[in-house]
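**Student:** Got a structure for you, run_12.pdb, holding PDB, C-alpha atoms.
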```
ATOM      1  CA  MET L 155      23.508  -3.888   5.455
ATOM      2  CA  LYS L 156      23.612  -0.080   5.659
ATOM      3  CA  THR L 157      19.980   0.844   4.976
ATOM      4  CA  ALA L 158      17.952   3.995   4.384
ATOM      5  CA  VAL L 159      14.157   4.012   4.594
ATOM      6  CA  LEU L 160      12.704   6.855   2.511
ATOM      7  CA  GLY L 161       9.331   7.796   3.974
ATOM      8  CA  SER L 162       8.265   8.170   7.597
ATOM      9  CA  GLY L 163       4.637   7.103   7.281
ATOM     10  CA  ALA L 164       3.161   3.896   8.672
ATOM     11  CA  ILE L 165       5.191   1.373   6.665
ATOM     12  CA  GLY L 166       8.428   3.365   6.697
ATOM     13  CA  CYS L 167       8.371   3.825  10.476
ATOM     14  CA  LEU L 168       7.376   0.202  11.092
ATOM     15  CA  VAL L 169      10.114  -1.275   8.911
ATOM     16  CA  ALA L 170      12.827   1.122  10.086
ATOM     17  CA  GLY L 171      11.854   0.572  13.709
ATOM     18  CA  TYR L 172      11.920  -3.206  13.522
ATOM     19  CA  LEU L 173      15.271  -3.180  11.722
ATOM     20  CA  LYS L 174      16.696  -0.899  14.417
ATOM     21  CA  LEU L 175      15.418  -3.286  17.099
ATOM     22  CA  LYS L 176      17.626  -5.908  15.414
ATOM     23  CA  ASP L 177      20.588  -3.504  15.784
ATOM     24  CA  GLU L 178      20.770  -2.853  12.043
ATOM     25  CA  ASP L 179      22.449   0.260  10.629
ATOM     26  CA  VAL L 180      19.357   2.140   9.440
ATOM     27  CA  VAL L 181      18.419   5.773   8.900
ATOM     28  CA  LEU L 182      14.819   6.959   8.512
ATOM     29  CA  ILE L 183      14.320   9.780   6.002
ATOM     30  CA  GLY L 184      11.166  11.853   6.441
ATOM     31  CA  HIS L 185       9.502  15.244   6.497
ATOM     32  CA  ARG L 186      10.802  17.842   8.942
ATOM     33  CA  GLU L 187       7.919  17.435  11.412
ATOM     34  CA  SER L 188       8.435  13.669  11.729
ATOM     35  CA  VAL L 189      12.215  14.012  11.926
ATOM     36  CA  GLN L 190      12.004  16.559  14.744
ATOM     37  CA  VAL L 191       9.499  14.496  16.763
ATOM     38  CA  ILE L 192      11.480  11.259  16.418
ATOM     39  CA  ARG L 193      14.754  12.960  17.339
ATOM     40  CA  LYS L 194      13.160  14.406  20.475
ATOM     41  CA  SER L 195      10.859  11.591  21.607
ATOM     42  CA  GLY L 196      11.912   8.467  19.711
ATOM     43  CA  LEU L 197       9.878   6.253  17.389
ATOM     44  CA  SER L 198       6.844   4.561  18.987
ATOM     45  CA  ILE L 199       5.489   1.267  17.661
ATOM     46  CA  SER L 200       2.529  -0.531  19.218
ATOM     47  CA  GLY L 201       0.315  -3.390  18.088
ATOM     48  CA  VAL L 202       0.515  -7.095  17.450
ATOM     49  CA  ARG L 203       4.162  -7.511  18.552
ATOM     50  CA  GLY L 204       3.914  -5.313  21.637
ATOM     51  CA  ASP L 205       4.897  -1.740  22.451
ATOM     52  CA  PHE L 206       8.327  -0.289  21.663
ATOM     53  CA  LYS L 207      10.073   3.054  22.005
ATOM     54  CA  ILE L 208      13.041   3.184  19.633
ATOM     55  CA  ASN L 209      15.856   5.681  19.230
ATOM     56  CA  ILE L 210      16.754   5.816  15.554
ATOM     57  CA  GLU L 211      18.785   8.065  13.276
ATOM     58  CA  THR L 212      16.571  10.381  11.244
ATOM     59  CA  ALA L 213      17.197  12.966   8.544
ATOM     60  CA  GLU L 214      15.323  14.994   5.930
ATOM     61  CA  LYS L 215      17.570  13.655   3.133
ATOM     62  CA  LEU L 216      20.424  11.223   2.662
ATOM     63  CA  THR L 217      23.901  12.387   3.585
ATOM     64  CA  SER L 218      25.832   9.129   3.051
ATOM     65  CA  GLN L 219      25.740   6.105   0.741
ATOM     66  CA  PRO L 220      23.477   3.211   1.794
ATOM     67  CA  GLU L 221      23.645  -0.306   0.345
ATOM     68  CA  LEU L 222      19.849  -0.602   0.381
ATOM     69  CA  ILE L 223      17.172   2.064   0.010
ATOM     70  CA  ILE L 224      13.672   0.981   1.050
ATOM     71  CA  LEU L 225      11.277   3.305  -0.770
ATOM     72  CA  ALA L 226       8.276   3.800   1.543
ATOM     73  CA  THR L 227       6.777   7.063   0.278
ATOM     74  CA  LYS L 228       3.409   7.218  -1.455
ATOM     75  CA  THR L 229       3.587   6.590  -5.204
ATOM     76  CA  GLN L 230       2.841  10.229  -6.019
ATOM     77  CA  ASP L 231       5.848  11.297  -3.901
ATOM     78  CA  ILE L 232       8.438   8.990  -5.511
ATOM     79  CA  ASP L 233       9.757  11.475  -8.082
ATOM     80  CA  ALA L 234      10.412  14.140  -5.466
ATOM     81  CA  ALA L 235      11.984  11.731  -2.967
ATOM     82  CA  LEU L 236      14.363  10.194  -5.496
ATOM     83  CA  GLN L 237      15.269  13.537  -7.043
ATOM     84  CA  GLU L 238      16.069  14.892  -3.578
ATOM     85  CA  ASN L 239      18.460  11.990  -2.938
ATOM     86  CA  LYS L 240      19.721  11.383  -6.485
ATOM     87  CA  GLU L 241      23.444  11.485  -5.648
ATOM     88  CA  PHE L 242      23.105   8.273  -3.609
ATOM     89  CA  LEU L 243      20.883   6.219  -5.937
ATOM     90  CA  GLU L 244      23.221   4.698  -8.504
ATOM     91  CA  ASN L 245      25.230   2.550  -6.076
ATOM     92  CA  ALA L 246      22.317   1.273  -3.986
ATOM     93  CA  ALA L 247      19.683  -1.411  -4.399
ATOM     94  CA  LEU L 248      16.217   0.181  -4.361
ATOM     95  CA  LEU L 249      13.315  -1.786  -2.862
ATOM     96  CA  ILE L 250       9.847  -0.751  -4.049
ATOM     97  CA  THR L 251       7.044  -1.116  -1.451
ATOM     98  CA  GLN L 252       4.185   0.919  -2.935
ATOM     99  CA  ASN L 253       0.702  -0.320  -3.776
ATOM    100  CA  GLY L 254      -0.221  -0.559  -7.457
ATOM    101  CA  ILE L 255       2.152  -1.136 -10.359
ATOM    102  CA  ALA L 256       3.303   2.373 -11.299
ATOM    103  CA  ALA L 257       6.057   2.744  -8.698
ATOM    104  CA  ASP L 258       8.597   0.545 -10.486
ATOM    105  CA  GLU L 259       8.275   2.493 -13.741
ATOM    106  CA  ILE L 260       8.519   5.827 -11.930
ATOM    107  CA  ALA L 261      11.644   4.715 -10.067
ATOM    108  CA  ALA L 262      13.216   3.528 -13.335
ATOM    109  CA  ARG L 263      13.336   7.159 -14.455
ATOM    110  CA  HIS L 264      15.886   7.805 -11.700
ATOM    111  CA  ILE L 265      17.873   4.602 -11.237
ATOM    112  CA  PRO L 266      19.120   1.714 -13.429
ATOM    113  CA  LYS L 267      16.439  -0.977 -13.729
ATOM    114  CA  GLU L 268      18.831  -3.692 -12.572
ATOM    115  CA  ASN L 269      19.105  -1.867  -9.218
ATOM    116  CA  ILE L 270      15.336  -2.067  -8.623
ATOM    117  CA  VAL L 271      13.788  -4.891  -6.612
ATOM    118  CA  SER L 272      10.009  -4.931  -6.400
ATOM    119  CA  SER L 273       7.946  -6.031  -3.420
ATOM    120  CA  ILE L 274       4.429  -6.417  -2.046
ATOM    121  CA  ILE L 275       3.695  -5.729   1.596
ATOM    122  CA  MET L 276       0.990  -7.959   3.027
ATOM    123  CA  PHE L 277       1.251  -6.780   6.641
ATOM    124  CA  GLY L 278      -0.715  -3.769   7.846
ATOM    125  CA  ALA L 279       0.101  -0.637   9.823
ATOM    126  CA  THR L 280      -1.572   2.634  10.758
ATOM    127  CA  TYR L 281       0.084   6.044  11.088
ATOM    128  CA  SER L 282      -1.217   7.660  14.290
ATOM    129  CA  GLY L 283       0.945  10.789  14.319
ATOM    130  CA  PRO L 284       4.555  11.865  13.685
ATOM    131  CA  GLY L 285       6.801   9.075  14.945
ATOM    132  CA  LYS L 286       3.859   6.905  16.046
ATOM    133  CA  VAL L 287       2.641   3.785  14.265
ATOM    134  CA  ILE L 288       0.347   0.859  15.070
ATOM    135  CA  HIS L 289       1.260  -2.557  13.679
ATOM    136  CA  ASN L 290      -2.213  -3.932  12.940
ATOM    137  CA  PHE L 291      -1.489  -7.389  11.570
ATOM    138  CA  ASP L 292       1.467  -9.569  10.606
ATOM    139  CA  ARG L 293       1.827 -11.220   7.216
ATOM    140  CA  SER L 294       4.531 -11.808   4.640
ATOM    141  CA  TRP L 295       6.746  -9.491   2.604
ATOM    142  CA  ILE L 296       6.896 -10.641  -1.031
ATOM    143  CA  ILE L 297       9.898  -9.664  -3.144
ATOM    144  CA  GLY L 298      10.759 -10.273  -6.779
ATOM    145  CA  GLY L 299      11.675  -8.697 -10.081
ATOM    146  CA  PHE L 300       9.382  -6.333 -11.943
ATOM    147  CA  PHE L 301      12.328  -5.822 -14.257
ATOM    148  CA  LYS L 302      15.431  -8.058 -13.996
ATOM    149  CA  PRO L 303      17.186  -7.220 -10.747
ATOM    150  CA  ASP L 304      20.587  -8.557  -9.790
ATOM    151  CA  GLU L 305      19.971 -12.024  -8.315
ATOM    152  CA  GLU L 306      22.601 -11.567  -5.620
ATOM    153  CA  SER L 307      20.842  -8.393  -4.482
ATOM    154  CA  VAL L 308      17.528 -10.246  -4.226
ATOM    155  CA  LYS L 309      19.139 -12.985  -2.111
ATOM    156  CA  LYS L 310      20.809 -10.439   0.176
ATOM    157  CA  ILE L 311      17.569  -8.507   0.608
ATOM    158  CA  GLU L 312      15.637 -11.713   1.288
ATOM    159  CA  SER L 313      18.060 -12.668   4.053
ATOM    160  CA  PHE L 314      18.132  -9.150   5.463
ATOM    161  CA  LEU L 315      14.360  -8.540   5.570
ATOM    162  CA  GLY L 316      13.859 -12.050   6.925
ATOM    163  CA  LYS L 317      15.171 -10.764  10.248
ATOM    164  CA  VAL L 318      11.970  -8.767  10.749
ATOM    165  CA  PHE L 319       9.254 -10.272   8.502
ATOM    166  CA  PRO L 320       8.510 -13.594   6.765
ATOM    167  CA  VAL L 321       9.866 -13.102   3.228
ATOM    168  CA  VAL L 322       8.623 -14.863   0.090
ATOM    169  CA  VAL L 323      10.673 -14.601  -3.137
ATOM    170  CA  VAL L 324       8.597 -14.944  -6.325
ATOM    171  CA  GLY L 325       9.010 -14.785 -10.070
ATOM    172  CA  ASP L 326       5.699 -13.390 -11.362
ATOM    173  CA  ILE L 327       5.441 -10.369  -9.110
ATOM    174  CA  LYS L 328       3.643  -8.278 -11.731
ATOM    175  CA  GLY L 329       0.633 -10.620 -11.731
ATOM    176  CA  MET L 330       0.661 -10.562  -7.933
ATOM    177  CA  LYS L 331       0.857  -6.769  -7.846
ATOM    178  CA  TYR L 332      -2.263  -6.554  -9.985
ATOM    179  CA  LEU L 333      -4.061  -8.917  -7.597
ATOM    180  CA  LYS L 334      -2.906  -6.825  -4.625
ATOM    181  CA  ILE L 335      -4.662  -3.836  -6.228
ATOM    182  CA  PHE L 336      -7.925  -5.716  -5.726
ATOM    183  CA  LEU L 337      -7.183  -6.030  -2.000
ATOM    184  CA  ASN L 338      -6.472  -2.298  -1.773
ATOM    185  CA  ALA L 339      -9.347  -1.207  -4.035
ATOM    186  CA  ASN L 340     -11.945  -1.409  -1.263
ATOM    187  CA  ASN L 341     -10.016   1.111   0.843
ATOM    188  CA  CYS L 342     -11.775   3.801  -1.167
ATOM    189  CA  ILE L 343     -15.024   3.245   0.754
ATOM    190  CA  PRO L 344     -13.602   3.999   4.248
ATOM    191  CA  ALA L 345     -11.815   6.966   2.645
ATOM    192  CA  ILE L 346     -15.067   8.350   1.238
ATOM    193  CA  LEU L 347     -16.911   7.868   4.546
ATOM    194  CA  GLY L 348     -14.057   8.778   6.905
ATOM    195  CA  LYS L 349     -14.528   5.638   8.988
ATOM    196  CA  CYS L 350     -12.399   2.650   9.944
ATOM    197  CA  MET L 351     -12.560  -0.500   7.854
ATOM    198  CA  GLN L 352     -14.107  -2.588  10.633
ATOM    199  CA  GLU L 353     -17.050  -0.184  10.970
ATOM    200  CA  VAL L 354     -17.530   0.153   7.225
ATOM    201  CA  PHE L 355     -17.364  -3.529   6.342
ATOM    202  CA  SER L 356     -19.594  -4.717   9.165
ATOM    203  CA  ASP L 357     -22.321  -3.130   7.002
ATOM    204  CA  MET L 358     -23.633  -5.573   4.368
ATOM    205  CA  GLU L 359     -24.683  -2.828   1.932
ATOM    206  CA  LEU L 360     -21.155  -1.417   1.922
ATOM    207  CA  SER L 361     -19.606  -4.880   1.650
ATOM    208  CA  ARG L 362     -21.811  -5.485  -1.399
ATOM    209  CA  ILE L 363     -20.242  -2.406  -3.020
ATOM    210  CA  SER L 364     -16.817  -3.965  -2.442
ATOM    211  CA  ILE L 365     -17.810  -7.119  -4.300
ATOM    212  CA  ALA L 366     -19.155  -4.948  -7.137
ATOM    213  CA  ILE L 367     -15.814  -3.106  -7.282
ATOM    214  CA  TRP L 368     -14.077  -6.451  -7.726
ATOM    215  CA  LYS L 369     -16.543  -7.699 -10.364
ATOM    216  CA  GLU L 370     -16.136  -4.600 -12.514
ATOM    217  CA  ALA L 371     -12.343  -4.622 -12.071
ATOM    218  CA  LEU L 372     -12.027  -8.326 -12.862
ATOM    219  CA  ASP L 373     -13.940  -7.837 -16.119
ATOM    220  CA  ILE L 374     -11.591  -4.983 -17.058
ATOM    221  CA  ILE L 375      -8.448  -6.941 -16.138
ATOM    222  CA  THR L 376      -9.618 -10.006 -18.091
ATOM    223  CA  LYS L 377     -10.571  -8.035 -21.205
ATOM    224  CA  SER L 378      -7.273  -6.116 -21.031
ATOM    225  CA  GLY L 379      -5.360  -9.409 -21.295
ATOM    226  CA  ILE L 380      -3.659  -9.109 -17.899
ATOM    227  CA  LYS L 381      -2.795 -12.340 -16.117
ATOM    228  CA  LEU L 382      -3.270 -12.306 -12.356
ATOM    229  CA  ALA L 383      -1.174 -14.464 -10.015
ATOM    230  CA  SER L 384      -2.048 -15.783  -6.552
ATOM    231  CA  LEU L 385      -0.639 -14.121  -3.459
ATOM    232  CA  PRO L 386       0.640 -16.330  -0.626
ATOM    233  CA  ASP L 387      -2.110 -15.046   1.691
ATOM    234  CA  PHE L 388      -4.792 -14.579  -0.963
ATOM    235  CA  PRO L 389      -5.169 -17.227  -3.699
ATOM    236  CA  LEU L 390      -6.596 -16.084  -7.011
ATOM    237  CA  GLU L 391      -9.356 -18.679  -6.652
ATOM    238  CA  ARG L 392     -10.781 -16.680  -3.734
ATOM    239  CA  LEU L 393     -11.307 -13.653  -5.981
ATOM    240  CA  TYR L 394     -12.998 -15.784  -8.625
ATOM    241  CA  LYS L 395     -15.208 -17.473  -6.032
ATOM    242  CA  LEU L 396     -16.341 -14.283  -4.319
ATOM    243  CA  THR L 397     -17.157 -12.553  -7.614
ATOM    244  CA  SER L 398     -19.203 -15.547  -8.787
ATOM    245  CA  LEU L 399     -21.330 -15.970  -5.634
ATOM    246  CA  PRO L 400     -24.696 -14.238  -5.119
ATOM    247  CA  ALA L 401     -23.991 -10.680  -3.978
ATOM    248  CA  LEU L 402     -25.286 -10.971  -0.407
ATOM    249  CA  GLU L 403     -23.512 -14.283   0.221
ATOM    250  CA  ALA L 404     -20.233 -12.859  -1.101
ATOM    251  CA  ALA L 405     -20.706  -9.691   0.986
ATOM    252  CA  LYS L 406     -21.055 -11.736   4.175
ATOM    253  CA  ILE L 407     -17.797 -13.592   3.491
ATOM    254  CA  PHE L 408     -16.014 -10.353   2.575
ATOM    255  CA  SER L 409     -17.290  -8.692   5.742
ATOM    256  CA  LEU L 410     -15.855 -11.471   7.924
ATOM    257  CA  MET L 411     -12.500 -11.178   6.131
ATOM    258  CA  MET L 412     -12.213  -7.436   6.630
ATOM    259  CA  THR L 413     -13.590  -7.048  10.160
ATOM    260  CA  GLY L 414     -11.244  -9.763  11.422
ATOM    261  CA  LEU L 415      -8.035  -8.196  10.101
ATOM    262  CA  SER L 416      -7.104  -6.205  13.190
ATOM    263  CA  LYS L 417      -8.167  -5.627  16.793
ATOM    264  CA  GLU L 418      -7.136  -1.991  16.450
ATOM    265  CA  PRO L 419      -9.109   0.297  14.091
ATOM    266  CA  LEU L 420      -7.730  -0.066  10.549
ATOM    267  CA  TYR L 421      -8.122   2.882   8.200
ATOM    268  CA  GLY L 422      -6.359   1.907   4.978
ATOM    269  CA  SER L 423      -3.698   3.864   3.148
ATOM    270  CA  ILE L 424      -6.088   6.103   1.201
ATOM    271  CA  LEU L 425      -7.889   7.446   4.272
ATOM    272  CA  GLN L 426      -4.641   7.781   6.214
ATOM    273  CA  SER L 427      -3.330  10.159   3.540
ATOM    274  CA  ILE L 428      -6.538  12.190   3.625
ATOM    275  CA  GLN L 429      -6.405  12.400   7.425
ATOM    276  CA  ARG L 430      -2.900  13.866   7.063
ATOM    277  CA  LYS L 431      -4.325  16.387   4.526
ATOM    278  CA  ARG L 432      -2.284  14.889   1.710
ATOM    279  CA  LEU L 433      -3.256  13.533  -1.692
ATOM    280  CA  SER L 434      -4.011   9.819  -1.621
ATOM    281  CA  GLU L 435      -2.831   7.057  -3.938
ATOM    282  CA  ILE L 436      -6.348   6.464  -5.323
ATOM    283  CA  ASP L 437      -5.162   7.076  -8.919
ATOM    284  CA  TYR L 438      -2.743   4.144  -8.565
ATOM    285  CA  ILE L 439      -5.325   1.759  -7.084
ATOM    286  CA  ASN L 440      -8.931   2.060  -8.360
ATOM    287  CA  GLY L 441      -7.533   4.566 -10.841
ATOM    288  CA  GLU L 442      -5.466   1.753 -12.359
ATOM    289  CA  PHE L 443      -8.714  -0.005 -13.331
ATOM    290  CA  VAL L 444     -10.100   3.256 -14.696
ATOM    291  CA  GLY L 445      -7.001   3.809 -16.827
ATOM    292  CA  LEU L 446      -7.089   0.273 -18.223
ATOM    293  CA  ALA L 447     -10.780   0.631 -19.055
ATOM    294  CA  GLN L 448     -10.236   3.910 -20.877
ATOM    295  CA  LYS L 449      -7.275   2.462 -22.771
ATOM    296  CA  ASN L 450      -9.364  -0.495 -23.951
ATOM    297  CA  ASN L 451     -12.673   1.354 -24.462
ATOM    298  CA  LEU L 452     -14.380  -0.509 -21.627
ATOM    299  CA  PRO L 453     -17.052   0.780 -19.234
ATOM    300  CA  VAL L 454     -15.911   1.547 -15.680
ATOM    301  CA  PRO L 455     -18.849   3.371 -14.047
ATOM    302  CA  LEU L 456     -18.422   2.230 -10.431
ATOM    303  CA  ASN L 457     -14.659   2.528  -9.996
ATOM    304  CA  GLY L 458     -14.707   5.749 -11.997
ATOM    305  CA  LYS L 459     -17.301   7.328  -9.701
ATOM    306  CA  LEU L 460     -15.484   6.149  -6.547
ATOM    307  CA  VAL L 461     -12.186   7.661  -7.733
ATOM    308  CA  GLU L 462     -14.045  10.907  -8.413
ATOM    309  CA  MET L 463     -15.573  10.863  -4.913
ATOM    310  CA  VAL L 464     -12.211  10.281  -3.212
ATOM    311  CA  HIS L 465     -10.829  13.299  -5.068
ATOM    312  CA  GLN L 466     -13.826  15.321  -3.884
ATOM    313  CA  VAL L 467     -13.028  14.378  -0.271
ATOM    314  CA  GLU L 468      -9.391  15.384  -0.814
ATOM    315  CA  GLN L 469     -10.382  18.753  -2.251
ATOM    316  CA  GLN L 470     -13.355  19.660  -0.051
ATOM    317  CA  HIS L 471     -12.108  18.139   3.240
ATOM    318  CA  ARG L 472     -15.555  16.714   3.892
ATOM    319  CA  PHE L 473     -16.516  13.059   4.072
ATOM    320  CA  PHE L 474     -19.699  11.705   2.513
ATOM    321  CA  THR L 475     -22.467  10.058   4.507
ATOM    322  CA  LYS L 476     -23.460   6.488   3.701
ATOM    323  CA  GLU L 477     -26.686   7.814   2.168
ATOM    324  CA  GLU L 478     -24.763  10.216  -0.079
ATOM    325  CA  LEU L 479     -22.436   7.438  -1.179
ATOM    326  CA  LEU L 480     -25.314   5.125  -2.057
ATOM    327  CA  HIS L 481     -27.070   7.939  -3.943
ATOM    328  CA  ASN L 482     -23.943   8.742  -5.987
ATOM    329  CA  ILE L 483     -23.433   5.142  -7.105
ATOM    330  CA  GLU L 484     -27.080   4.214  -7.535
ATOM    331  CA  GLY L 485     -27.572   2.216 -10.714
ATOM    332  CA  LEU L 486     -23.832   1.771 -11.353
ATOM    333  CA  PHE L 487     -23.778  -1.920 -10.396
ATOM    334  CA  ASN L 488     -26.152  -4.862  -9.945
TER     335      ASN L 488
END
```
What would you get if you wrote out this structure as structure tokens?
**Tutor:**
Amino acid sequence: MKTAVLGSGAIGCLVAGYLKLKDEDVVLIGHRESVQVIRKSGLSISGVRGDFKINIETAEKLTSQPELIILATKTQDIDAALQENKEFLENAALLITQNGIAADEIAARHIPKENIVSSIIMFGATYSGPGKVIHNFDRSWIIGGFFKPDEESVKKIESFLGKVFPVVVVGDIKGMKYLKIFLNANNCIPAILGKCMQEVFSDMELSRISIAIWKEALDIITKSGIKLASLPDFPLERLYKLTSLPALEAAKIFSLMMTGLSKEPLYGSILQSIQRKRLSEIDYINGEFVGLAQKNNLPVPLNGKLVEMVHQVEQQHRFFTKEELLHNIEGLFN
């Protein structure tokens, strides 16, 4: 399947690289700096599957028609990426990989809905520089229809992606995408502090904040009438259990979950964007809870303050200390 991966960050490089290792016809579309580095030195992948140096075709925009476009930009960059490559969109299947639920709707402004296949990435990767990525942990790639994609396209994509990752095809991907936001919502804390997830979540006070994020968000989701659906690697019952336990007990369990994710330092997508001096996707993660709360006249003090603090880090290029974080959110949760 002739494939283009739009976006040369952690996920884009990882997916494109693994497909190329399977001798697939793939081109990686990225910013000029990444394109120049990869052309000169190749694409480097290290981590849980070993170390690889891969020669791969790269470009700043599409120049020929692919069958499949894997959209691996940040959500806030989708409009620009699709506009830049609009002449090749109509005759390709478009696979959404972004966190949150906004990406599908944004893409639908550029391409027929039946061409769009949605997905949830459960594996993890870290961008460590242009053309360099660390594969932190291996899990499944979930695909399904946010709209009503062509069933043959879904089957072809399932078979194709199955060459490089375990693929799970689902029906209720929207409910799963909302649950995935919960898993990403705690990335705001490492982003505010400028530290890796293992360091942050080995701290019980900070892990308690994560449980409070979930409690507030679950109340908003429930009162907004949104139905969550279990993920293959994270059943819905786990969210309900952790948010019903005493705070310290839940924090201990959460801490074990997060510190055991990867042997390599794991920074999360929000902090990785900030480290690259780019805007993060915070508005499409914790900001999704804030938007739902505002729409339904519900309180959202904790997630609202954390979104505000991430934007401060983006603008001021200075991370908060733990003490500053605790002071800013004092009294916003039990």
**Student:** Show me, as number ranges by chain, the residues that have an atom within 9 Å of Glu370 of chain L when counting all atoms listed in the file, minus same-chain residues fewer than 6 positions from it.
**Tutor:** L: 443, 453-457, 487
**Student:** How about saving the chosen residues, C-alpha atoms kept, as a short mmCIF file (atom, residue, chain, number, x, y, z; two decimals), in the frame of the given file?
**Tutor:**
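This is the output file part.cif:
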```cif
data_model
loop_
_atom_site.label_atom_id
_atom_site.label_comp_id
_atom_site.auth_asym_id
_atom_site.auth_seq_id
_atom_site.Cartn_x
_atom_site.Cartn_y
_atom_site.Cartn_z
CA PHE L 443 -8.71 0.00 -13.33
CA PRO L 453 -17.05 0.78 -19.23
CA VAL L 454 -15.91 1.55 -15.68
CA PRO L 455 -18.85 3.37 -14.05
CA LEU L 456 -18.42 2.23 -10.43
CA ASN L 457 -14.66 2.53 -10.00
CA PHE L 487 -23.78 -1.92 -10.40
#
```
**Student:** Do a neighbour search on Gly201 of chain L at 10 Å with all atoms listed in the file, toss out local chain neighbours closer than 2 positions, and write the hits as a ChimeraX atom specification.
**Tutor:** /L:199,203-206,279-280,287-292,416-418
**Student:** If we draw a sphere of 9 Å around (20.9, 1.8, -3.8), which residues have at least one atom in it when counting all atoms listed in the file? Please report them as a count of residues only.
**Tutor:** 19
**Student:** Take the PyMOL selection byres ((chain L and resi 351-361) around 6), run it mentally on this structure, and tell me the resulting residues as a list in words.
**Tutor:**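 Against this file, the PyMOL selection byres ((chain L and resi 351-361) around 6) returns the residues Pro344, Cys350, Arg362, Ile363, Ser364, Ala405, Ser409, Thr413, Leu420 and Tyr421 of chain L.
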**Student:** Step by step, work through what the PyMOL selection byres ((chain L and resi 374-384) around 8) selects in the shown file, and finish by giving those residues as a ChimeraX atom specification.
**Tutor:** /L:326-327,329-330,332-333,370-373,385-386,388-391,443,446-447,450,452,454
**Student:** Quick one, how far is atom CA of Gln252 of chain L from atom CA of Ala226 of chain L?
**Tutor:** 6.7 Å
**Student:** Quick one: of L:Gly254, L:Leu347, L:Ile335, L:Asp387, who's nearest to Ile296 of chain L, counting all atoms listed in the file?
**Tutor:**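 Checking each of L:Gly254, L:Leu347, L:Ile335, L:Asp387 against Ile296 of chain L, counting all atoms listed in the file, the winner is L:Asp387.
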**Student:** Report, in Å to a single decimal, how far apart atom CA of Ser427 of chain L and atom CA of Gly171 of chain L are.
**Tutor:**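 Answer for the atom CA of Gly171 of chain L to atom CA of Ser427 of chain L separation: 20.6 Å.
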**Student:** Grab the atom CA of Met155 of chain L to atom CA of Asn209 of chain L distance for me, in Å with one decimal place.
**Tutor:** 18.4 Å
**Student:** Since I can't run it myself right now, could you work out what the PyMOL selection byres ((chain L and resi 422) around 12) selects here and report it as a ChimeraX atom specification?
**Tutor:** /L:164-165,253,277-281,290,337-346,348-352,354,412,415-416,419-421,423-429,434-436
**Student:** Nearest residue to Glu214 of chain L out of L:His481, L:His465, L:Arg392, L:His185, using only C-alpha atoms?
**Tutor:**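 Of L:His481, L:His465, L:Arg392, L:His185, the one nearest Glu214 of chain L, counting only C-alpha atoms, is L:His185.
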**Student:** In the coordinate frame of the file, compute which residues have an atom within 12 Å of (14.9, 3.4, 19.8) when using all atoms listed in the file, and state them as number ranges by chain.
**Tutor:** L: 167-168, 170-178, 180-182, 192-199, 205-212, 285
**Student:** Let me see the file: selected residues, C-alpha atoms, as a PDB file, in the frame of the given file.
**Tutor:**
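What ended up in out-v6.pdb:
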```
ATOM      1  CA  CYS L 167       8.371   3.825  10.476  1.00  0.00           C
ATOM      2  CA  LEU L 168       7.376   0.202  11.092  1.00  0.00           C
ATOM      3  CA  ALA L 170      12.827   1.122  10.086  1.00  0.00           C
ATOM      4  CA  GLY L 171      11.854   0.572  13.709  1.00  0.00           C
ATOM      5  CA  TYR L 172      11.920  -3.206  13.522  1.00  0.00           C
ATOM      6  CA  LEU L 173      15.271  -3.180  11.722  1.00  0.00           C
ATOM      7  CA  LYS L 174      16.696  -0.899  14.417  1.00  0.00           C
ATOM      8  CA  LEU L 175      15.418  -3.286  17.099  1.00  0.00           C
ATOM      9  CA  LYS L 176      17.626  -5.908  15.414  1.00  0.00           C
ATOM     10  CA  ASP L 177      20.588  -3.504  15.784  1.00  0.00           C
ATOM     11  CA  GLU L 178      20.770  -2.853  12.043  1.00  0.00           C
ATOM     12  CA  VAL L 180      19.357   2.140   9.440  1.00  0.00           C
ATOM     13  CA  VAL L 181      18.419   5.773   8.900  1.00  0.00           C
ATOM     14  CA  LEU L 182      14.819   6.959   8.512  1.00  0.00           C
ATOM     15  CA  ILE L 192      11.480  11.259  16.418  1.00  0.00           C
ATOM     16  CA  ARG L 193      14.754  12.960  17.339  1.00  0.00           C
ATOM     17  CA  LYS L 194      13.160  14.406  20.475  1.00  0.00           C
ATOM     18  CA  SER L 195      10.859  11.591  21.607  1.00  0.00           C
ATOM     19  CA  GLY L 196      11.912   8.467  19.711  1.00  0.00           C
ATOM     20  CA  LEU L 197       9.878   6.253  17.389  1.00  0.00           C
ATOM     21  CA  SER L 198       6.844   4.561  18.987  1.00  0.00           C
ATOM     22  CA  ILE L 199       5.489   1.267  17.661  1.00  0.00           C
ATOM     23  CA  ASP L 205       4.897  -1.740  22.451  1.00  0.00           C
ATOM     24  CA  PHE L 206       8.327  -0.289  21.663  1.00  0.00           C
ATOM     25  CA  LYS L 207      10.073   3.054  22.005  1.00  0.00           C
ATOM     26  CA  ILE L 208      13.041   3.184  19.633  1.00  0.00           C
ATOM     27  CA  ASN L 209      15.856   5.681  19.230  1.00  0.00           C
ATOM     28  CA  ILE L 210      16.754   5.816  15.554  1.00  0.00           C
ATOM     29  CA  GLU L 211      18.785   8.065  13.276  1.00  0.00           C
ATOM     30  CA  THR L 212      16.571  10.381  11.244  1.00  0.00           C
ATOM     31  CA  GLY L 285       6.801   9.075  14.945  1.00  0.00           C
TER      32      GLY L 285
END
```
**Student:** If we count all atoms listed in the file and set the cut-off at 9 Å, which residues sit around Ala401 of chain L, ignoring sequence neighbours fewer than 2 positions away in its own chain? Please answer as a list of chain:residue names.
**Tutor:**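 Returned residues: L:Arg362, L:Ile365, L:Ala366, L:Leu396, L:Thr397, L:Ser398, L:Leu399, L:Glu403, L:Ala404, L:Ala405, L:Lys406, L:Asn488.
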